[in-house]
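Student: Structure supplied as run_4.csv; contents: CSV, C-alpha atoms and all ligand atoms.
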```
chain,number,residue,atom,x,y,z
A,1,MET,CA,-4.1,7.7,-22.5
A,2,VAL,CA,-1.7,5.8,-20.2
A,3,VAL,CA,-2.7,4.1,-17.0
A,4,VAL,CA,0.3,2.9,-14.9
A,5,GLY,CA,-0.5,-0.1,-12.6
A,6,ALA,CA,-3.1,-2.8,-12.8
A,7,GLY,CA,-4.1,-3.1,-9.1
A,8,GLN,CA,-7.5,-2.2,-7.8
A,9,ALA,CA,-7.0,1.5,-8.7
A,10,GLY,CA,-5.7,0.9,-12.3
A,11,LEU,CA,-8.3,-1.7,-13.1
A,12,SER,CA,-11.2,0.5,-11.8
A,13,ALA,CA,-9.9,3.4,-13.9
A,14,SER,CA,-9.5,1.2,-17.0
A,15,TYR,CA,-13.1,-0.1,-16.6
A,16,HIS,CA,-14.5,3.4,-16.7
A,17,LEU,CA,-12.3,4.5,-19.6
A,18,LEU,CA,-13.4,1.4,-21.5
A,19,ARG,CA,-17.1,2.3,-20.8
A,20,LYS,CA,-16.4,5.8,-22.2
A,21,GLY,CA,-14.7,4.4,-25.2
A,22,VAL,CA,-11.4,6.1,-24.3
A,23,ASP,CA,-8.4,4.6,-26.1
A,24,HIS,CA,-5.8,3.7,-23.4
A,25,VAL,CA,-3.2,1.2,-22.3
A,26,VAL,CA,-2.5,-0.1,-18.8
A,27,LEU,CA,1.2,-0.7,-18.2
A,28,ASP,CA,1.9,-3.0,-15.3
A,29,ALA,CA,5.3,-4.1,-13.8
A,30,ASN,CA,4.0,-7.4,-12.5
A,31,ASP,CA,4.3,-10.8,-14.4
A,32,GLY,CA,0.6,-11.5,-13.9
A,33,PRO,CA,-2.6,-10.1,-12.4
A,34,GLY,CA,-3.2,-9.2,-8.8
A,35,GLY,CA,-1.4,-5.9,-8.2
A,36,ALA,CA,0.3,-5.9,-4.7
A,37,TRP,CA,-1.9,-8.7,-3.5
A,38,ARG,CA,0.0,-11.1,-5.7
A,39,HIS,CA,3.0,-10.6,-3.4
A,40,ARG,CA,1.4,-10.9,0.0
A,41,TRP,CA,2.6,-13.7,2.3
A,42,ALA,CA,0.8,-17.0,2.1
A,43,SER,CA,-0.6,-16.9,5.7
A,44,LEU,CA,-2.4,-13.7,5.0
A,45,THR,CA,-5.7,-15.4,4.2
A,46,LEU,CA,-8.6,-13.6,2.7
A,47,GLY,CA,-10.3,-13.9,6.1
A,48,ALA,CA,-7.4,-12.2,7.8
A,49,ALA,CA,-7.4,-9.2,5.3
A,50,HIS,CA,-9.5,-6.2,6.2
A,51,ARG,CA,-11.7,-6.6,3.2
A,52,VAL,CA,-11.3,-6.6,-0.6
A,53,HIS,CA,-13.9,-4.4,-2.1
A,54,ASP,CA,-15.6,-5.4,-5.4
A,55,LEU,CA,-14.2,-4.1,-8.7
A,56,PRO,CA,-16.8,-2.2,-10.6
A,57,GLY,CA,-19.6,-4.4,-12.1
A,58,PHE,CA,-17.8,-7.6,-11.0
A,59,PRO,CA,-18.6,-8.9,-7.5
A,60,LEU,CA,-15.9,-10.9,-5.8
A,61,GLY,CA,-18.5,-13.2,-4.3
A,62,SER,CA,-17.7,-15.2,-1.3
A,63,PRO,CA,-14.4,-17.1,-1.8
A,64,ASP,CA,-13.2,-19.5,0.9
A,65,PRO,CA,-11.8,-17.1,3.6
A,66,SER,CA,-9.1,-19.7,4.5
A,67,LEU,CA,-7.4,-19.3,1.0
A,68,PRO,CA,-4.4,-17.0,0.7
A,69,ALA,CA,-5.5,-13.5,-0.3
A,70,SER,CA,-2.7,-13.4,-2.9
A,71,GLN,CA,-4.2,-16.4,-4.7
A,72,VAL,CA,-7.9,-15.2,-4.5
A,73,VAL,CA,-7.2,-11.7,-5.6
A,74,ALA,CA,-4.8,-12.6,-8.4
A,75,ASP,CA,-7.5,-14.9,-9.7
A,76,TYR,CA,-10.2,-12.3,-9.3
A,77,TYR,CA,-8.3,-9.5,-11.1
A,78,GLY,CA,-7.3,-11.9,-13.8
A,79,ARG,CA,-11.0,-12.8,-14.5
A,80,PHE,CA,-11.9,-9.1,-14.4
A,81,GLU,CA,-9.2,-8.3,-17.0
A,82,GLN,CA,-10.5,-11.1,-19.3
A,83,GLU,CA,-14.2,-10.2,-18.9
A,84,TYR,CA,-13.7,-6.5,-19.8
A,85,GLY,CA,-10.7,-6.9,-22.2
A,86,VAL,CA,-8.6,-4.6,-20.1
A,87,PRO,CA,-5.8,-3.5,-22.4
A,88,VAL,CA,-3.0,-4.4,-20.0
A,89,GLU,CA,0.7,-4.8,-21.1
A,90,ARG,CA,3.0,-6.6,-18.7
A,91,PRO,CA,5.6,-6.9,-17.5
A,92,VAL,CA,6.3,-3.2,-18.3
A,93,ARG,CA,8.0,-1.1,-15.7
A,94,VAL,CA,7.7,2.7,-16.0
A,95,SER,CA,11.1,4.2,-15.1
A,96,ALA,CA,10.5,7.9,-15.7
A,97,VAL,CA,7.7,10.3,-16.8
A,98,THR,CA,8.9,13.6,-18.3
A,99,SER,CA,7.2,16.5,-19.9
A,100,SER,CA,7.8,17.1,-23.5
A,101,GLY,CA,5.7,20.2,-24.6
A,102,ASP,CA,2.1,19.4,-24.1
A,103,LEU,CA,2.7,15.7,-23.9
A,104,LEU,CA,4.1,13.4,-21.3
A,105,GLU,CA,6.8,10.9,-22.3
A,106,VAL,CA,6.6,7.6,-20.4
A,107,ALA,CA,9.9,5.7,-20.4
A,108,THR,CA,9.6,2.0,-19.6
A,109,SER,CA,11.4,-1.2,-19.7
A,110,GLU,CA,9.8,-1.9,-23.1
A,111,GLY,CA,10.1,1.4,-24.8
A,112,THR,CA,8.5,4.9,-24.6
A,113,TRP,CA,4.9,5.8,-24.7
A,114,ARG,CA,3.6,9.4,-25.3
A,115,THR,CA,0.3,10.6,-23.8
A,116,ALA,CA,-1.6,13.8,-23.1
A,117,VAL,CA,-2.8,12.4,-19.7
A,118,LEU,CA,-1.4,9.8,-17.3
A,119,LEU,CA,-3.4,8.0,-14.6
A,120,ASN,CA,-0.9,6.8,-12.0
A,121,ALA,CA,-2.0,3.8,-10.0
A,122,THR,CA,1.2,2.3,-8.7
A,123,GLY,CA,0.3,1.7,-5.1
A,124,THR,CA,2.9,1.4,-2.3
A,125,TRP,CA,4.2,-2.2,-2.4
A,126,ASP,CA,7.3,-1.4,-4.3
A,127,LYS,CA,8.4,1.3,-1.8
A,128,PRO,CA,8.9,-0.4,1.7
A,129,HIS,CA,9.8,2.1,4.4
A,130,TRP,CA,12.9,1.2,6.5
A,131,PRO,CA,13.4,3.8,9.2
A,132,TYR,CA,17.0,4.4,10.2
A,133,TYR,CA,18.3,3.7,13.7
A,134,PRO,CA,21.9,4.1,14.7
A,135,GLY,CA,23.9,0.9,14.4
A,136,ARG,CA,21.5,-0.7,11.9
A,137,GLU,CA,24.4,-1.7,9.6
A,138,THR,CA,26.3,-3.4,12.5
A,139,PHE,CA,23.5,-6.0,13.2
A,140,LEU,CA,24.7,-9.5,12.6
A,141,GLY,CA,21.3,-11.2,12.5
A,142,GLU,CA,18.7,-11.0,9.8
A,143,GLN,CA,16.7,-7.8,9.0
A,144,LEU,CA,13.6,-8.1,6.9
A,145,HIS,CA,10.6,-6.0,6.0
A,146,THR,CA,6.9,-6.9,5.7
A,147,HIS,CA,7.6,-6.8,1.9
A,148,ASP,CA,9.9,-9.8,2.3
A,149,PHE,CA,8.0,-11.8,5.0
A,150,VAL,CA,7.3,-15.4,3.9
A,151,SER,CA,6.1,-17.3,6.9
A,152,ALA,CA,6.4,-17.5,10.7
A,153,SER,CA,7.9,-21.0,10.4
A,154,ALA,CA,10.9,-19.6,8.5
A,155,LEU,CA,11.7,-17.7,11.8
A,156,ALA,CA,11.0,-20.6,14.2
A,157,GLY,CA,13.3,-20.8,17.3
A,158,LYS,CA,14.6,-17.3,16.9
A,159,HIS,CA,14.2,-14.1,18.9
A,160,VAL,CA,12.4,-11.7,16.7
A,161,VAL,CA,12.0,-8.0,17.4
A,162,VAL,CA,9.0,-6.8,15.5
A,163,VAL,CA,9.0,-3.0,14.8
A,164,GLY,CA,5.8,-1.1,14.0
A,165,GLY,CA,2.3,-0.4,15.3
A,166,GLY,CA,0.1,-1.5,12.4
A,167,THR,CA,-2.0,-4.5,11.5
A,168,SER,CA,0.9,-6.3,9.8
A,169,ALA,CA,3.0,-6.1,13.0
A,170,VAL,CA,0.1,-7.4,15.1
A,171,GLN,CA,-0.6,-10.3,12.7
A,172,PHE,CA,3.1,-11.2,12.6
A,173,LEU,CA,3.4,-11.2,16.4
A,174,LEU,CA,0.4,-13.5,16.8
A,175,GLN,CA,1.8,-15.9,14.2
A,176,LEU,CA,5.3,-15.9,15.6
A,177,ALA,CA,4.4,-16.3,19.2
A,178,PRO,CA,3.8,-20.1,19.1
A,179,VAL,CA,7.2,-20.8,17.3
A,180,ALA,CA,9.5,-17.9,18.3
A,181,THR,CA,10.3,-15.5,21.0
A,182,THR,CA,9.1,-12.0,20.3
A,183,THR,CA,9.6,-8.4,21.4
A,184,TRP,CA,7.3,-5.7,20.1
A,185,VAL,CA,8.5,-2.2,19.8
A,186,THR,CA,6.5,0.8,18.5
A,187,ARG,CA,7.4,4.5,18.0
A,188,ARG,CA,4.1,5.7,19.5
A,189,PRO,CA,1.9,4.0,22.1
A,190,VAL,CA,-0.4,1.5,20.5
A,191,GLU,CA,-4.1,2.5,20.6
A,192,PHE,CA,-6.5,-0.4,20.4
A,193,VAL,CA,-9.9,1.0,19.6
A,194,SER,CA,-13.1,-0.8,20.6
A,195,ARG,CA,-15.1,-0.2,17.5
A,196,PRO,CA,-15.7,-2.2,14.3
A,197,PHE,CA,-13.8,-1.3,11.1
A,198,ASP,CA,-17.1,-0.3,9.5
A,199,PRO,CA,-17.8,2.0,6.6
A,200,GLU,CA,-18.4,5.0,8.9
A,201,TRP,CA,-14.9,4.6,10.4
A,202,GLY,CA,-13.5,4.2,6.8
A,203,ARG,CA,-15.1,7.5,5.8
A,204,GLU,CA,-13.7,9.3,8.9
A,205,VAL,CA,-10.2,8.0,8.0
A,206,GLU,CA,-10.6,9.1,4.4
A,207,LYS,CA,-11.6,12.6,5.4
A,208,ARG,CA,-8.6,12.9,7.7
A,209,VAL,CA,-6.1,11.7,5.0
A,210,GLU,CA,-7.8,13.9,2.4
A,211,ALA,CA,-7.3,17.0,4.5
A,212,ARG,CA,-3.5,16.2,4.7
A,213,VAL,CA,-3.3,15.6,1.0
A,214,ARG,CA,-5.2,18.8,0.2
A,215,ALA,CA,-2.6,20.7,2.4
A,216,GLY,CA,0.3,19.2,0.4
A,217,LEU,CA,1.4,17.0,3.3
A,218,PRO,CA,2.4,13.3,3.1
A,219,ALA,CA,-0.7,11.2,3.6
A,220,GLY,CA,0.6,9.3,6.7
A,221,SER,CA,-0.1,5.7,7.5
A,222,VAL,CA,-3.6,4.3,7.9
A,223,ILE,CA,-2.9,3.3,11.5
A,224,SER,CA,-1.7,6.8,12.4
A,225,ASN,CA,-5.2,7.8,11.3
A,226,THR,CA,-7.2,5.0,12.8
A,227,GLY,CA,-5.7,3.1,15.7
A,228,LEU,CA,-6.1,-0.7,15.7
A,229,PRO,CA,-9.5,-2.4,16.0
A,230,LEU,CA,-9.7,-4.4,19.2
A,231,THR,CA,-10.8,-7.8,17.8
A,232,PRO,CA,-11.4,-10.8,20.1
A,233,GLU,CA,-8.2,-12.3,18.7
A,234,TYR,CA,-6.2,-9.2,19.5
A,235,GLN,CA,-7.7,-9.1,23.0
A,236,ARG,CA,-6.5,-12.7,23.5
A,237,GLY,CA,-3.0,-11.6,22.3
A,238,ILE,CA,-3.0,-8.8,24.8
A,239,ASP,CA,-4.1,-11.1,27.6
A,240,ALA,CA,-1.4,-13.6,26.7
A,241,GLY,CA,1.3,-10.8,26.9
A,242,ILE,CA,2.1,-11.1,23.2
A,243,LEU,CA,0.6,-7.8,22.2
A,244,LEU,CA,2.3,-5.6,24.7
A,245,ALA,CA,4.5,-3.0,23.0
A,246,ARG,CA,7.7,-1.4,24.4
A,247,PRO,CA,8.7,2.1,23.3
A,248,MET,CA,11.0,2.1,20.3
A,249,PHE,CA,14.7,1.1,20.9
A,250,THR,CA,17.3,3.9,20.5
A,251,SER,CA,20.1,1.9,18.8
A,252,ILE,CA,20.9,-1.4,17.2
A,253,GLU,CA,24.0,-3.4,18.3
A,254,PRO,CA,25.5,-6.5,16.6
A,255,ASP,CA,23.4,-8.9,18.8
A,256,GLY,CA,20.3,-7.0,19.6
A,257,VAL,CA,18.7,-3.7,20.4
A,258,ARG,CA,19.3,-1.1,23.1
A,259,PHE,CA,16.6,1.0,24.8
A,260,ALA,CA,16.6,4.5,26.2
A,261,ASP,CA,16.7,3.2,29.8
A,262,GLY,CA,19.9,1.3,29.0
A,263,SER,CA,18.2,-2.1,28.8
A,264,PHE,CA,19.2,-4.6,26.1
A,265,VAL,CA,17.2,-7.2,24.2
A,266,PRO,CA,19.1,-9.8,22.2
A,267,ALA,CA,17.7,-10.5,18.8
A,268,ASP,CA,18.3,-12.9,15.9
A,269,VAL,CA,15.9,-11.1,13.6
A,270,ILE,CA,14.5,-7.5,13.3
A,271,LEU,CA,11.3,-7.6,11.4
A,272,TRP,CA,10.5,-4.1,10.1
A,273,ALA,CA,6.7,-3.9,9.8
A,274,THR,CA,7.1,-0.2,9.2
A,275,GLY,CA,4.8,0.3,6.3
A,276,PHE,CA,5.2,1.6,2.8
A,277,ARG,CA,5.3,4.9,1.0
A,278,ALA,CA,3.6,5.9,-2.3
A,279,SER,CA,5.6,4.4,-5.1
A,280,LEU,CA,6.1,7.5,-7.2
A,281,ASP,CA,9.8,7.7,-8.0
A,282,HIS,CA,9.1,7.5,-11.7
A,283,LEU,CA,7.2,10.9,-11.4
A,284,ALA,CA,10.1,12.7,-9.8
A,285,PRO,CA,11.2,14.5,-13.1
A,286,LEU,CA,7.8,16.3,-13.0
A,287,HIS,CA,8.6,17.9,-9.6
A,288,LEU,CA,5.1,17.4,-8.3
A,289,ARG,CA,6.0,17.6,-4.6
A,290,GLU,CA,5.0,20.6,-2.4
A,291,PRO,CA,7.4,22.1,0.2
A,292,GLY,CA,5.5,20.0,2.8
A,293,GLY,CA,6.7,16.9,1.1
A,294,GLY,CA,3.4,15.7,-0.2
A,295,ILE,CA,1.7,16.0,-3.6
A,296,ARG,CA,-1.3,18.3,-3.5
A,297,VAL,CA,-4.3,16.7,-5.1
A,298,GLU,CA,-7.8,18.0,-5.8
A,299,GLY,CA,-10.0,14.9,-6.1
A,300,THR,CA,-7.6,12.8,-8.0
A,301,THR,CA,-6.0,15.6,-10.1
A,302,VAL,CA,-2.5,16.8,-9.3
A,303,VAL,CA,-2.7,20.5,-8.7
A,304,ARG,CA,0.8,21.3,-10.1
A,305,ASP,CA,0.2,19.3,-13.3
A,306,PRO,CA,-3.4,18.5,-14.1
A,307,ARG,CA,-2.2,16.1,-16.8
A,308,ILE,CA,-1.5,13.6,-14.0
A,309,GLN,CA,-4.2,11.8,-12.0
A,310,LEU,CA,-3.2,10.0,-8.8
A,311,VAL,CA,-5.3,7.0,-8.0
A,312,GLY,CA,-4.9,4.8,-4.9
A,313,TYR,CA,-3.0,7.7,-3.3
A,314,GLY,CA,-3.7,9.2,0.1
A,315,PRO,CA,-7.4,8.8,1.0
A,316,SER,CA,-7.9,6.3,-1.9
A,317,ALA,CA,-5.2,3.9,-0.6
A,318,SER,CA,-7.7,1.1,0.2
A,319,THR,CA,-9.5,-1.3,-2.2
A,320,LEU,CA,-12.7,0.7,-1.6
A,321,GLY,CA,-11.1,4.1,-2.0
A,322,ALA,CA,-9.1,2.9,-5.1
A,323,THR,CA,-12.3,1.7,-6.8
A,324,ARG,CA,-14.0,5.0,-6.3
A,325,ALA,CA,-10.9,7.0,-7.2
A,326,GLY,CA,-10.5,5.0,-10.4
A,327,ARG,CA,-13.9,6.2,-11.6
A,328,ALA,CA,-13.2,9.8,-10.5
A,329,ALA,CA,-9.8,9.8,-12.3
A,330,ALA,CA,-11.3,8.4,-15.5
A,331,LEU,CA,-13.9,11.1,-15.5
A,332,ALA,CA,-11.5,13.9,-14.7
A,333,ALA,CA,-9.0,12.7,-17.3
A,334,THR,CA,-11.7,12.5,-20.0
A,335,ARG,CA,-12.9,16.0,-19.1
A,336,TYR,CA,-9.4,17.3,-19.2
A,337,LEU,CA,-8.9,15.9,-22.7
A,338,SER,CA,-12.2,17.4,-24.0
A,339,SER,CA,-11.3,20.8,-22.6
A,340,GLU,CA,-7.8,20.7,-24.2
A,341,ALA,CA,-9.4,19.6,-27.5
A,342,ALA,CA,-11.9,22.5,-27.3
A,343,ALA,CA,-9.2,25.1,-26.4
B,401,LIG,P1,-1.4,-2.1,-6.0
B,401,LIG,O1,-2.3,-3.2,-5.7
B,401,LIG,O2,-0.1,-2.0,-5.3
B,401,LIG,O3,-1.1,-2.1,-7.6
B,401,LIG,C1,-0.1,-1.3,-8.2
B,401,LIG,C2,0.3,-1.9,-9.4
B,401,LIG,O4,1.2,-1.0,-10.1
B,401,LIG,C3,1.1,-3.2,-9.2
B,401,LIG,O5,0.6,-4.2,-10.1
B,401,LIG,C4,2.5,-2.8,-9.5
B,401,LIG,O6,3.3,-3.9,-10.1
B,401,LIG,C5,2.3,-1.7,-10.5
B,401,LIG,N1,3.5,-0.8,-10.6
B,401,LIG,C6,4.1,-0.2,-9.5
B,401,LIG,N2,5.1,0.6,-9.9
B,401,LIG,C7,5.1,0.5,-11.3
B,401,LIG,C8,5.9,1.1,-12.3
B,401,LIG,N3,6.8,2.0,-12.1
B,401,LIG,N4,5.6,0.8,-13.6
B,401,LIG,C9,4.6,-0.1,-13.9
B,401,LIG,N5,3.8,-0.7,-13.0
B,401,LIG,C10,4.0,-0.4,-11.7
B,401,LIG,N6,-6.6,-2.5,1.6
B,401,LIG,C11,-7.9,-3.0,1.7
B,401,LIG,O7,-8.9,-2.4,1.3
B,401,LIG,N7,-8.1,-4.2,2.4
B,401,LIG,C12,-7.1,-4.9,3.0
B,401,LIG,O8,-7.3,-5.9,3.6
B,401,LIG,C13,-5.8,-4.4,2.8
B,401,LIG,N8,-4.7,-5.1,3.3
B,401,LIG,C14,-3.4,-4.6,3.1
B,401,LIG,C15,-2.4,-5.4,3.6
B,401,LIG,C16,-1.1,-4.9,3.4
B,401,LIG,C17,0.1,-5.7,3.9
B,401,LIG,C18,-0.8,-3.7,2.7
B,401,LIG,C19,0.6,-3.2,2.4
B,401,LIG,C20,-1.9,-3.0,2.2
B,401,LIG,C21,-3.2,-3.4,2.4
B,401,LIG,N9,-4.3,-2.7,1.9
B,401,LIG,C22,-5.6,-3.2,2.1
B,401,LIG,C23,-4.1,-1.5,1.1
B,401,LIG,C24,-3.9,-1.9,-0.3
B,401,LIG,O9,-2.6,-1.5,-0.7
B,401,LIG,C25,-5.0,-1.3,-1.2
B,401,LIG,O10,-6.2,-1.8,-0.7
B,401,LIG,C26,-5.0,-1.7,-2.7
B,401,LIG,O11,-4.9,-3.1,-2.9
B,401,LIG,C27,-4.0,-1.0,-3.4
B,401,LIG,O12,-4.4,-1.0,-4.8
B,401,LIG,P2,-3.6,-0.1,-5.8
B,401,LIG,O13,-4.2,-0.4,-7.1
B,401,LIG,O14,-3.5,1.3,-5.4
B,401,LIG,O15,-2.1,-0.7,-5.7
```
Let me see the structure of the file written as structure tokens.
Ligand code: FAD

Tutor:
Amino acid sequence: MVVVGAGQAGLSASYHLLRKGVDHVVLDANDGPGGAWRHRWASLTLGAAHRVHDLPGFPLGSPDPSLPASQVVADYYGRFEQEYGVPVERPVRVSAVTSSGDLLEVATSEGTWRTAVLLNATGTWDKPHWPYYPGRETFLGEQLHTHDFVSASALAGKHVVVVGGGTSAVQFLLQLAPVATTTWVTRRPVEFVSRPFDPEWGREVEKRVEARVRAGLPAGSVISNTGLPLTPEYQRGIDAGILLARPMFTSIEPDGVRFADGSFVPADVILWATGFRASLDHLAPLHLREPGGGIRVEGTTVVRDPRIQLVGYGPSASTLGATRAGRAAALAATRYLSSEAAA
């Protein structure tokens, strides 16, 4: 069996496959452990992250919340891989999965694997979403995406237009405000919600995303399903005028952005905090998408091709969801193999 990706989802799946004694390999494009967390910007501390859920049987404990999440999680996943002997091969990037009779052929940077079942756990980090606005290519300043953000100090003294209504945008604005001039723009009005990001809210969000995925629709961003939690820090940002969003600009000009009412804001930098899409290009040859643009999934099994399990997709795109889905996918894949063997 082949698992693609060694983030929270792939490691959880591998743990359950190991427990069941299922022979498998985990192919991971990264140079070392940590999944997407390995690449998160240094100022995203563990304390500033929503929460990193425990991997199965291996509590994260209480690391220093002031440490970068990238460092803590890479170290945590690395220890997990060692403890359980996760059969990970890296760096191995899967370029295409094709069907060859009953088997799947997995073409990679390091050769081809053949498998009856594939558990895909490739996350979203490798597919940053850059929405198009007219004039984008004429902008003379710098454009960067959350994917490439390094630190607020790298943008000191500049006028930064931050695009996007999610947690990343809010965190960038709060970090940039002391060192740069900022303008915040969002496609939809921002909804700050006065309730804690607790397990009950998490379950509500999962249900909403699950319904979309069942209907074969794209999962949608987490924020489009939740709103933003109104923390005391965010309230201070609102009171200070930092977290006040304007409606989205309509075009980009060489020196700034133009709004529907004709007003113009000069900009040195446009920071696109516009989220990510599921990183699934390597599955394109299998034609898994529905007319609605999404991939229809029952549990974690792809309806169009039950040889494929999607883990960390749609409702399971959080560390908690990915951990649970890893287990469900390992069970479903094992069941599928047994039923094929019996047929
Ligand atoms: P990833 O961690 O992305 O792992 C995927 C792995 O697959 C990577 O190692 C990658 O190299 C590999 N891969 C990708 N493509 C290929 C390929 N073609 N071939 C081989 N390997 C490949 N969730 C939370 O629960 N709490 C948070 O605080 C939180 N904060 C977040 C902050 C940001 C900025 C973002 C973008 C997301 C955040 N999330 C958070 C959601 C987060 O993405 C998930 O929680 C979770 O870490 C994703 O795990 P994963 O295993 O699905 O994917």

Student: Nearest to ligand LIG 401 (chain B): which of A:Gly10, A:Gly164, A:Gly21, A:Pro218 is it, counting all atoms listed in the file?

Tutor: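 Closest to ligand LIG 401 (chain B), using all atoms listed in the file: A:Gly10.
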
Student: Name the residues in contact with stretch 286-295 of chain A at a cut-off of 7 Å, using all atoms listed in the file, excluding same-chain residues fewer than 4 positions from it; report them as a PyMOL selection string.

Tutor: chain A and resi 98-99+213+216-218+304

Student: Which residues come within 7 Å of stretch 306-318 of chain A, counting only C-alpha atoms, excluding same-chain residues fewer than 5 positions away, as a compact mmCIF listing (two decimals) with C-alpha atoms, in the coordinates of the input?

Tutor:
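The new file selection.txt reads:
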```txt
# COMPACT_ATOMS: atom_id res chain seq x y z
CA ALA A 9 -7.00 1.50 -8.70
CA ALA A 116 -1.60 13.80 -23.10
CA VAL A 117 -2.80 12.40 -19.70
CA LEU A 118 -1.40 9.80 -17.30
CA LEU A 119 -3.40 8.00 -14.60
CA ASN A 120 -0.90 6.80 -12.00
CA ALA A 121 -2.00 3.80 -10.00
CA GLY A 123 0.30 1.70 -5.10
CA GLU A 206 -10.60 9.10 4.40
CA VAL A 209 -6.10 11.70 5.00
CA GLU A 210 -7.80 13.90 2.40
CA VAL A 213 -3.30 15.60 1.00
CA ALA A 219 -0.70 11.20 3.60
CA ALA A 278 3.60 5.90 -2.30
CA THR A 300 -7.60 12.80 -8.00
CA THR A 301 -6.00 15.60 -10.10
CA ALA A 325 -10.90 7.00 -7.20
CA GLY A 326 -10.50 5.00 -10.40
CA ALA A 329 -9.80 9.80 -12.30
```

Student: Between A:Leu103, A:Ala342, A:Ile238, A:Val185, which residue has the minimum interatomic distance to A:Gly166, considering all atoms listed in the file?

Tutor: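 Going through A:Leu103, A:Ala342, A:Ile238, A:Val185 one by one, the smallest distance to A:Gly166 is for A:Val185.
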
Student: Counting all atoms listed in the file, find the residues whose atoms lie at most 12 Å from (-14.0, -11.7, -16.2) (file coordinates) and write them out as a compact mmCIF listing (two decimals) with C-alpha atoms, in the frame of the given file.

Tutor:
```txt
# COMPACT_ATOMS: atom_id res chain seq x y z
CA LEU A 11 -8.30 -1.70 -13.10
CA TYR A 15 -13.10 -0.10 -16.60
CA LEU A 55 -14.20 -4.10 -8.70
CA PRO A 56 -16.80 -2.20 -10.60
CA GLY A 57 -19.60 -4.40 -12.10
CA PHE A 58 -17.80 -7.60 -11.00
CA PRO A 59 -18.60 -8.90 -7.50
CA LEU A 60 -15.90 -10.90 -5.80
CA ASP A 75 -7.50 -14.90 -9.70
CA TYR A 76 -10.20 -12.30 -9.30
CA TYR A 77 -8.30 -9.50 -11.10
CA GLY A 78 -7.30 -11.90 -13.80
CA ARG A 79 -11.00 -12.80 -14.50
CA PHE A 80 -11.90 -9.10 -14.40
CA GLU A 81 -9.20 -8.30 -17.00
CA GLN A 82 -10.50 -11.10 -19.30
CA GLU A 83 -14.20 -10.20 -18.90
CA TYR A 84 -13.70 -6.50 -19.80
CA GLY A 85 -10.70 -6.90 -22.20
CA VAL A 86 -8.60 -4.60 -20.10
```

Student: Write out as a VMD selection string the residues lying within 10 Å of A:Trp125, counting only C-alpha atoms and excluding same-chain residues fewer than 5 positions away.

Tutor: chain A and resid 35 to 37 39 to 40 146 to 147 275 to 279

Student: Check the smallest atom-to-atom distance from each of A:Ala341, A:Ala284, A:Val269, A:Leu18 to ligand LIG 401 (chain B) using only C-alpha atoms and all ligand atoms, then report the winner.

Tutor: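 Selected residue with least distance to ligand LIG 401 (chain B): A:Ala284.
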
Student: Just the number, please: distance in Å from atom CA of A:Gly7 to atom CA of A:Arg324, one decimal.

Tutor: 13.1 Å

Student: Could you please give me, as a PyMOL selection string, the residues of protein, DNA or RNA lying at most 6 Å from (10.8, -21.5, 14.8) in the coordinate frame of the file, considering all atoms listed in the file?

Tutor: chain A and resi 153+155-157+179-180

Student: In terms of the shortest atom-to-atom distance over only C-alpha atoms and all ligand atoms, which of A:Tyr234, A:Tyr132, A:Phe259, A:Phe149 is closest to ligand LIG 401 (chain B)?

Tutor: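 Closest residue, counting only C-alpha atoms and all ligand atoms: A:Phe149.
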
Student: For A:Phe249, work out the shell of residues within 10 Å, counting only C-alpha atoms and skipping chain neighbours fewer than 4 positions away, then give it as an NGL selection string.

Tutor: :A and (133-134 or 163 or 185-187 or 256-265)

Student: Grab the residues selected above and save them as a tab-separated table (two decimals), in the coordinates of the input with C-alpha atoms.

Tutor:
```tsv
chain	number	residue	atom	x	y	z
A	133	TYR	CA	18.30	3.70	13.70
A	134	PRO	CA	21.90	4.10	14.70
A	163	VAL	CA	9.00	-3.00	14.80
A	185	VAL	CA	8.50	-2.20	19.80
A	186	THR	CA	6.50	0.80	18.50
A	187	ARG	CA	7.40	4.50	18.00
A	256	GLY	CA	20.30	-7.00	19.60
A	257	VAL	CA	18.70	-3.70	20.40
A	258	ARG	CA	19.30	-1.10	23.10
A	259	PHE	CA	16.60	1.00	24.80
A	260	ALA	CA	16.60	4.50	26.20
A	261	ASP	CA	16.70	3.20	29.80
A	262	GLY	CA	19.90	1.30	29.00
A	263	SER	CA	18.20	-2.10	28.80
A	264	PHE	CA	19.20	-4.60	26.10
A	265	VAL	CA	17.20	-7.20	24.20
```

Student: If you measure from atom C26 of ligand LIG 401 (chain B) to atom CA of A:Thr231, what distance in Å do you get, rounded to one decimal?

Tutor: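 Distance between the two atoms: 22.2 Å.
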
Student: Please determine, counting all atoms listed in the file, which residue among A:Asp255, A:Asp126, A:Asp102, A:Glu110 has the shortest atom-to-atom distance to ligand LIG 401 (chain B).

Tutor: A:Asp126

Student: Please provide as number ranges by chain all residues within 9 Å of A:Val26, with the sequence filter that same-chain residues fewer than 6 positions apart are discarded (counting only C-alpha atoms).

Tutor: A: 1-6, 10-11, 14, 86-90

Student: Can I get the selection written as a compact mmCIF listing (two decimals), keeping the file's coordinate frame, with C-alpha atoms?

Tutor:
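Wrote it out as out.txt, contents follow:
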```
# COMPACT_ATOMS: atom_id res chain seq x y z
CA MET A 1 -4.10 7.70 -22.50
CA VAL A 2 -1.70 5.80 -20.20
CA VAL A 3 -2.70 4.10 -17.00
CA VAL A 4 0.30 2.90 -14.90
CA GLY A 5 -0.50 -0.10 -12.60
CA ALA A 6 -3.10 -2.80 -12.80
CA GLY A 10 -5.70 0.90 -12.30
CA LEU A 11 -8.30 -1.70 -13.10
CA SER A 14 -9.50 1.20 -17.00
CA VAL A 86 -8.60 -4.60 -20.10
CA PRO A 87 -5.80 -3.50 -22.40
CA VAL A 88 -3.00 -4.40 -20.00
CA GLU A 89 0.70 -4.80 -21.10
CA ARG A 90 3.00 -6.60 -18.70
```
